[in-house]
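In what follows, a structure is listed as structure tokens, so that the remarks can point back to it.
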Amino acid sequence: MSGSDNSKQIWIVSDGKPGHLNQSRGLVEAIARRRDVAISEQPPMGKLQALRLCFSAGLPRVEDKPALIVGAGHATHLTLLALRRFYQAPVVVLMKPSISTGFFDLCLMPEHDQPPHRPNIITTRGALNRMQPGEKTANSGVILIGGPSKHFDWDETAVLAQVESLLAAERRDWLIGSSRRTPVSTEQALASLAGARFVPATETGPDWLPQQLACAEVCWVTQDSASMVYEALTAGCKVGVLTLDEQADNRISHGVDRLRQQGIVSGTPDWSLDQLSGSDAHFNEAERCAEEILKRGWL
């Protein structure tokens, strides 16, 4: 909970999934940097309870109510609608909802979901996040390694070759981090290649990545980790993508491909990132969406 006694309340309905909560917090924290608000989080209510609220007649008038309700993830949708009806408060849903977008006051949907053009839909470049740029450390860089996914073929040899070429071409103070998806064999090879500069996922806490990205000038990310591309951009890093062979009809990678076409990110073998246009120096979708919400006069 945050804010003063007179703050307007924002409720986050959270299904407990870190990725979903990260998006909701990113949006609400961006609003809190502009308005005095009190933030609280709660789990979804039971399906039967939510349905009763959705369809009950003669609901009581409630004085103490939220000014805004936010949620991400299919498990939150019915609760969002129940709270919307009970409290007569606007609801913002993040990502493509499992029910009609017309039920929500505002939908923040990534462009890879190809959202329709409607007054209550804002198209976002990737998922929202909590990253904030900090004071950049000269000559610093982070390399973030993902792992096998349903969207990409994981070629360990190709990934290691790209990392080795990057380290040879760019003499920076590199840190290399793995993820929970990174194979043990890849981690072992990275440890041999980079020594103490490699930090396995098991040795990092929840604050490690935000801290590193906040102060890093440059970040390279394997192509399977699209969310980290957007997080690095939001943190103010120059971003490069280590390429992988992608599966057919890969919607998730289309957004990153578009960023490359626009010169916002670059890729191998542009190790010095000369192809970056610099035309999108301020990349922060949570801030942009927060501004759009405030324009609606809900807070």
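Chain lettering (A, B, ...) mirrors the order of the structure tokens, residue numbering begins at 1 for each chain separately, and ligand numbering begins at 1 in order of display.
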Quick one: which region 95-212 of chain A residues come within 10 Å of region 83-88 of chain A, and what is the nearest atom pair for each with the distance in Å to one decimal, counting only C-alpha atoms, rows ordered by chain and ascending number, as CSV?
```
residue,atom,partner,partner_atom,distance
A:Phe103,CA,A:Arg84,CA,9.6
A:Phe104,CA,A:Arg84,CA,8.6
A:Asp105,CA,A:Arg84,CA,9.2
```
The selected residues should be written to file as an mmCIF file, in the first residue's frame (atoms: N, CA and C atoms).
```
data_model
loop_
_atom_site.group_PDB
_atom_site.id
_atom_site.type_symbol
_atom_site.label_atom_id
_atom_site.label_comp_id
_atom_site.auth_asym_id
_atom_site.auth_seq_id
_atom_site.Cartn_x
_atom_site.Cartn_y
_atom_site.Cartn_z
ATOM 1 N N PHE A 103 -16.241 -4.919 -22.832
ATOM 2 C CA PHE A 103 -16.614 -4.975 -21.421
ATOM 3 C C PHE A 103 -15.706 -4.125 -20.542
ATOM 4 N N PHE A 104 -14.561 -3.699 -21.074
ATOM 5 C CA PHE A 104 -13.566 -2.980 -20.269
ATOM 6 C C PHE A 104 -13.511 -1.513 -20.686
ATOM 7 N N ASP A 105 -13.187 -0.660 -19.722
ATOM 8 C CA ASP A 105 -13.091 0.769 -20.031
ATOM 9 C C ASP A 105 -11.865 1.068 -20.879
#
```
For Ala286 (chain A), work out the shell of residues within 8 Å, counting only C-alpha atoms and skipping chain neighbours fewer than 4 positions away, then give it as a PDB file with all heavy atoms, in the first residue's frame.
```pdb
ATOM      1  N   GLY A  26       3.983  -1.826 -13.337  1.00  0.00           N
ATOM      2  CA  GLY A  26       4.633  -0.841 -14.191  1.00  0.00           C
ATOM      3  C   GLY A  26       3.700   0.297 -14.548  1.00  0.00           C
ATOM      4  O   GLY A  26       4.076   1.479 -14.490  1.00  0.00           O
ATOM      5  N   LEU A  27       2.459  -0.038 -14.899  1.00  0.00           N
ATOM      6  CA  LEU A  27       1.470   0.987 -15.238  1.00  0.00           C
ATOM      7  C   LEU A  27       1.114   1.838 -14.030  1.00  0.00           C
ATOM      8  O   LEU A  27       1.138   3.073 -14.088  1.00  0.00           O
ATOM      9  CB  LEU A  27       0.209   0.321 -15.788  1.00  0.00           C
ATOM     10  CG  LEU A  27      -0.969   1.257 -16.053  1.00  0.00           C
ATOM     11  CD1 LEU A  27      -0.638   2.245 -17.162  1.00  0.00           C
ATOM     12  CD2 LEU A  27      -2.232   0.462 -16.376  1.00  0.00           C
ATOM     13  N   ALA A  30       3.782   4.155 -12.781  1.00  0.00           N
ATOM     14  CA  ALA A  30       3.925   5.322 -13.660  1.00  0.00           C
ATOM     15  C   ALA A  30       2.857   6.363 -13.347  1.00  0.00           C
ATOM     16  O   ALA A  30       3.121   7.575 -13.378  1.00  0.00           O
ATOM     17  CB  ALA A  30       3.830   4.882 -15.121  1.00  0.00           C
ATOM     18  N   LEU A 128       4.082  -3.923 -20.941  1.00  0.00           N
ATOM     19  CA  LEU A 128       4.532  -2.874 -20.020  1.00  0.00           C
ATOM     20  C   LEU A 128       5.442  -3.478 -18.953  1.00  0.00           C
ATOM     21  O   LEU A 128       5.361  -4.673 -18.657  1.00  0.00           O
ATOM     22  CB  LEU A 128       3.341  -2.195 -19.370  1.00  0.00           C
ATOM     23  CG  LEU A 128       2.707  -1.018 -20.122  1.00  0.00           C
ATOM     24  CD1 LEU A 128       2.245  -1.428 -21.510  1.00  0.00           C
ATOM     25  CD2 LEU A 128       1.538  -0.434 -19.334  1.00  0.00           C
ATOM     26  N   ASN A 129       6.295  -2.655 -18.377  1.00  0.00           N
ATOM     27  CA  ASN A 129       7.207  -3.134 -17.336  1.00  0.00           C
ATOM     28  C   ASN A 129       7.539  -1.998 -16.373  1.00  0.00           C
ATOM     29  O   ASN A 129       7.125  -0.859 -16.574  1.00  0.00           O
ATOM     30  CB  ASN A 129       8.480  -3.723 -17.955  1.00  0.00           C
ATOM     31  CG  ASN A 129       9.254  -2.699 -18.772  1.00  0.00           C
ATOM     32  OD1 ASN A 129       9.944  -1.841 -18.226  1.00  0.00           O
ATOM     33  ND2 ASN A 129       9.137  -2.767 -20.096  1.00  0.00           N
ATOM     34  N   ARG A 130       8.292  -2.346 -15.332  1.00  0.00           N
ATOM     35  CA  ARG A 130       8.591  -1.405 -14.249  1.00  0.00           C
ATOM     36  C   ARG A 130       9.952  -0.728 -14.401  1.00  0.00           C
ATOM     37  O   ARG A 130      10.360   0.035 -13.519  1.00  0.00           O
ATOM     38  CB  ARG A 130       8.562  -2.128 -12.911  1.00  0.00           C
ATOM     39  CG  ARG A 130       7.286  -2.867 -12.625  1.00  0.00           C
ATOM     40  CD  ARG A 130       7.402  -3.695 -11.359  1.00  0.00           C
ATOM     41  NE  ARG A 130       7.437  -2.857 -10.162  1.00  0.00           N
ATOM     42  CZ  ARG A 130       7.763  -3.301  -8.956  1.00  0.00           C
ATOM     43  NH1 ARG A 130       8.118  -4.561  -8.790  1.00  0.00           N
ATOM     44  NH2 ARG A 130       7.757  -2.485  -7.914  1.00  0.00           N
ATOM     45  N   ALA A 290       0.151   5.648 -18.912  1.00  0.00           N
ATOM     46  CA  ALA A 290      -0.274   6.395 -17.729  1.00  0.00           C
ATOM     47  C   ALA A 290      -0.789   7.778 -18.119  1.00  0.00           C
ATOM     48  O   ALA A 290      -1.822   8.247 -17.605  1.00  0.00           O
ATOM     49  CB  ALA A 290       0.887   6.519 -16.747  1.00  0.00           C
TER      50      ALA A 290
END
```
Shell of 8 Å around region 218-230 of chain A, only C-alpha atoms, local chain residues under 6 positions omitted, as number ranges by chain: A: 125-127, 140-149, 151-152, 159, 237-244, 252-253, 256
Give me every strand (DSSP E or B) residue in region 12-169 of chain A, going by DSSP on the backbone, as a VMD selection string. chain A and resid 12 to 13 37 to 42 68 to 72 91 to 94 106 to 110 121 to 124 140 to 144 152 to 153
Residue set, region 212-275 of chain A restricted to helix (DSSP H, G or I), as number ranges by chain: A: 212-215, 226-234, 251-261
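Minimum atom-to-atom distance to Gly263 (chain A), evaluated using only C-alpha atoms, belongs to A:Leu276 out of A:Ala189, A:Ile176, A:Ala82, A:Leu276.
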Using only C-alpha atoms, the shortest atom-to-atom distance to Pro97 (chain A) among A:Gly73, A:Gly195, A:Pro183, A:Pro119 belongs to A:Gly73
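In terms of minimum interatomic distance to Val37 (chain A), A:Pro66 ranks closest within A:Pro18, A:Pro66, A:Gly205, A:Pro133, counting only C-alpha atoms.
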As a JSON list (two decimals) with N, CA, C and O atoms, in the first residue's frame, please: the residues near Val199 (chain A) (cut-off 8 Å, only C-alpha atoms, same-chain neighbours under 4 positions excluded).
```
[["chain", "number", "residue", "atom", "x", "y", "z"],
["A", 175, "LEU", "N", 28.72, -7.80, -18.25],
["A", 175, "LEU", "CA", 28.16, -8.81, -17.37],
["A", 175, "LEU", "C", 27.22, -9.66, -18.21],
["A", 175, "LEU", "O", 26.47, -9.13, -19.05],
["A", 176, "ILE", "N", 27.26, -10.97, -18.01],
["A", 176, "ILE", "CA", 26.40, -11.89, -18.76],
["A", 176, "ILE", "C", 25.48, -12.58, -17.77],
["A", 176, "ILE", "O", 25.94, -13.17, -16.79],
["A", 177, "GLY", "N", 24.18, -12.51, -18.02],
["A", 177, "GLY", "CA", 23.21, -13.15, -17.14],
["A", 177, "GLY", "C", 22.40, -14.20, -17.88],
["A", 177, "GLY", "O", 22.07, -14.01, -19.06],
["A", 178, "SER", "N", 22.11, -15.29, -17.21],
["A", 178, "SER", "CA", 21.26, -16.33, -17.80],
["A", 178, "SER", "C", 19.84, -16.20, -17.24],
["A", 178, "SER", "O", 19.56, -15.35, -16.39],
["A", 203, "GLU", "N", 21.95, -17.17, -9.07],
["A", 203, "GLU", "CA", 22.66, -16.26, -8.17],
["A", 203, "GLU", "C", 22.13, -14.83, -8.24],
["A", 203, "GLU", "O", 22.75, -13.90, -7.71],
["A", 204, "THR", "N", 21.00, -14.64, -8.90],
["A", 204, "THR", "CA", 20.42, -13.30, -9.01],
["A", 204, "THR", "C", 19.08, -13.27, -8.30],
["A", 204, "THR", "O", 18.33, -14.24, -8.31]]
```
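Nearest to Glu291 (chain A) of all the residues A:Arg25, A:Ile122, A:Lys8, A:Thr234 is A:Ile122, counting only C-alpha atoms.
Counting only C-alpha atoms, the residue from A:Gly255, A:Leu160, A:Arg33, A:Asp245 that sits nearest to Ala191 (chain A) is A:Leu160.
Using only C-alpha atoms, the nearest neighbour of Met45 (chain A) within the list A:His77, A:Lys65, A:Lys17, A:Arg197 is A:His77.
By chain and then residue number, the residues within 9 Å of Gln9 (chain A) are Gly3, Ser7, Trp11, Val37, Ala38, Ile39, Ser40, Lys65, Pro66, Ala67, Leu68, Ile69 and Leu299 of chain A, counting only C-alpha atoms and disregarding those fewer than 2 positions away in sequence.
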What does the file look like for those residues with N, CA, C and O atoms, as a PDB file, in the first residue's frame?
```
ATOM      1  N   GLY A   3       0.804   5.890  -0.701  1.00  0.00           N
ATOM      2  CA  GLY A   3      -0.046   7.060  -0.809  1.00  0.00           C
ATOM      3  C   GLY A   3      -0.458   7.594   0.554  1.00  0.00           C
ATOM      4  O   GLY A   3      -0.258   6.972   1.584  1.00  0.00           O
ATOM      5  N   SER A   7      -5.390  10.033  -0.646  1.00  0.00           N
ATOM      6  CA  SER A   7      -5.076   9.569  -1.992  1.00  0.00           C
ATOM      7  C   SER A   7      -6.256   8.833  -2.612  1.00  0.00           C
ATOM      8  O   SER A   7      -7.023   8.157  -1.923  1.00  0.00           O
ATOM      9  N   TRP A  11      -6.599  -0.192  -7.386  1.00  0.00           N
ATOM     10  CA  TRP A  11      -6.514  -1.593  -7.029  1.00  0.00           C
ATOM     11  C   TRP A  11      -5.913  -2.397  -8.175  1.00  0.00           C
ATOM     12  O   TRP A  11      -6.314  -2.222  -9.340  1.00  0.00           O
ATOM     13  N   VAL A  37      -1.603   8.684  -5.271  1.00  0.00           N
ATOM     14  CA  VAL A  37      -2.535   7.564  -5.264  1.00  0.00           C
ATOM     15  C   VAL A  37      -2.110   6.523  -4.228  1.00  0.00           C
ATOM     16  O   VAL A  37      -0.938   6.440  -3.855  1.00  0.00           O
ATOM     17  N   ALA A  38      -3.072   5.764  -3.757  1.00  0.00           N
ATOM     18  CA  ALA A  38      -2.821   4.639  -2.861  1.00  0.00           C
ATOM     19  C   ALA A  38      -2.996   3.357  -3.664  1.00  0.00           C
ATOM     20  O   ALA A  38      -4.039   3.148  -4.287  1.00  0.00           O
ATOM     21  N   ILE A  39      -1.985   2.511  -3.642  1.00  0.00           N
ATOM     22  CA  ILE A  39      -1.972   1.296  -4.455  1.00  0.00           C
ATOM     23  C   ILE A  39      -2.133   0.080  -3.551  1.00  0.00           C
ATOM     24  O   ILE A  39      -1.428  -0.052  -2.545  1.00  0.00           O
ATOM     25  N   SER A  40      -3.027  -0.805  -3.906  1.00  0.00           N
ATOM     26  CA  SER A  40      -3.169  -2.065  -3.181  1.00  0.00           C
ATOM     27  C   SER A  40      -3.355  -3.201  -4.170  1.00  0.00           C
ATOM     28  O   SER A  40      -3.777  -2.982  -5.313  1.00  0.00           O
ATOM     29  N   LYS A  65     -14.464   3.552  -2.339  1.00  0.00           N
ATOM     30  CA  LYS A  65     -14.279   2.705  -3.506  1.00  0.00           C
ATOM     31  C   LYS A  65     -13.038   3.140  -4.279  1.00  0.00           C
ATOM     32  O   LYS A  65     -12.555   4.269  -4.138  1.00  0.00           O
ATOM     33  N   PRO A  66     -12.517   2.239  -5.112  1.00  0.00           N
ATOM     34  CA  PRO A  66     -11.328   2.596  -5.896  1.00  0.00           C
ATOM     35  C   PRO A  66     -11.671   3.575  -7.006  1.00  0.00           C
ATOM     36  O   PRO A  66     -12.795   3.609  -7.501  1.00  0.00           O
ATOM     37  N   ALA A  67     -10.676   4.372  -7.376  1.00  0.00           N
ATOM     38  CA  ALA A  67     -10.833   5.266  -8.515  1.00  0.00           C
ATOM     39  C   ALA A  67     -10.503   4.554  -9.815  1.00  0.00           C
ATOM     40  O   ALA A  67     -10.954   4.960 -10.893  1.00  0.00           O
ATOM     41  N   LEU A  68      -9.706   3.481  -9.702  1.00  0.00           N
ATOM     42  CA  LEU A  68      -9.282   2.739 -10.889  1.00  0.00           C
ATOM     43  C   LEU A  68      -8.929   1.319 -10.469  1.00  0.00           C
ATOM     44  O   LEU A  68      -8.382   1.100  -9.383  1.00  0.00           O
ATOM     45  N   ILE A  69      -9.263   0.356 -11.338  1.00  0.00           N
ATOM     46  CA  ILE A  69      -8.955  -1.049 -11.092  1.00  0.00           C
ATOM     47  C   ILE A  69      -8.179  -1.574 -12.294  1.00  0.00           C
ATOM     48  O   ILE A  69      -8.570  -1.342 -13.443  1.00  0.00           O
ATOM     49  N   LEU A 299      -8.596   9.994 -12.502  1.00  0.00           N
ATOM     50  CA  LEU A 299      -7.827  10.175 -11.262  1.00  0.00           C
ATOM     51  C   LEU A 299      -7.608  11.667 -10.992  1.00  0.00           C
ATOM     52  O   LEU A 299      -7.549  12.462 -11.912  1.00  0.00           O
TER      53      LEU A 299
END
```
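Counting only C-alpha atoms, Gln42 (chain A) has the following residues at most 7 Å away, ignoring those fewer than 4 positions along the same chain: Ile12, Val13 and Ser14 of chain A.
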